[in-house]
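> Quick one: this structure, given as structure tokens, is what I'll be asking you about.
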Amino acid sequence: MHCVHCNSDNILTDLVMLDSSSGQDFSLYKDRKPEALIFKERVRYPLKAHLCADCKHVMFFAKKEVYEEE
Ligand SMILES: [Zn+2]
């Protein structure tokens, strides 16, 4: 893997992004049925990051989707 900003291959991979106040992983969410009152069928994509050790550019990726229990 190379940095998209400076093209360095000095990359720290698979860093976890945490909310320091809650200790929870940052995640993206999508409700597959947003119009539903309940059972919105939420899908969650936890985020991971790769950090360039040279220029400190951060690249975000989502991990495998998680289907939330209702
Ligand atoms: Zn870089």
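Naming works like this for the structure tokens: A, B, ... for the chains as they're shown, residue 1 at the start of each chain, ligands 1 onward in shown order.
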Residues of chain A within 8 Å of ligand 1: nearest atom pair and distance (Å, one decimal) for each, counting only C-alpha atoms and all ligand atoms, sorted by chain and number, as CSV?

```
residue,atom,partner,partner_atom_place_in_ligand_line,distance
A:His2,CA,ligand 1,1 (Zn),7.7
A:Cys3,CA,ligand 1,1 (Zn),4.6
A:Val4,CA,ligand 1,1 (Zn),6.7
A:His5,CA,ligand 1,1 (Zn),5.0
A:Cys6,CA,ligand 1,1 (Zn),4.1
A:Asn7,CA,ligand 1,1 (Zn),5.9
A:Ser8,CA,ligand 1,1 (Zn),5.3
A:Asp9,CA,ligand 1,1 (Zn),7.9
A:Asn10,CA,ligand 1,1 (Zn),7.8
A:Ile11,CA,ligand 1,1 (Zn),7.9
A:Leu51,CA,ligand 1,1 (Zn),7.9
A:Cys52,CA,ligand 1,1 (Zn),4.6
A:Ala53,CA,ligand 1,1 (Zn),6.8
A:Asp54,CA,ligand 1,1 (Zn),5.3
A:Cys55,CA,ligand 1,1 (Zn),4.1
A:Lys56,CA,ligand 1,1 (Zn),5.9
A:His57,CA,ligand 1,1 (Zn),5.3
```
> Which parts of region 1-68 of chain A does DSSP call strand (DSSP E) when run on the backbone here, written out as a ChimeraX atom specification?
/A:11-16,27-31,42-52,58-62,66-67
> How many Å separate CA of Arg44 (chain A) from CA of Gly23 (chain A)?
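CA of Gly23 (chain A) lies 16.8 Å from CA of Arg44 (chain A).
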> Record the distance separating CA of Tyr29 (chain A) and CA of Val58 (chain A), expressed in Å with one decimal.
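It comes out at 20.6 Å.
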> Choose the residue, out of A:Val43, A:Leu28, A:Ala49, A:Ile38, that has the smallest atom-to-atom separation from Val16 (chain A); count only C-alpha atoms.
A:Ala49
> Can you tell me how far CA of Arg42 (chain A) sits from CA of Glu69 (chain A), in Å to one decimal?
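Those two atoms sit 8.2 Å apart.
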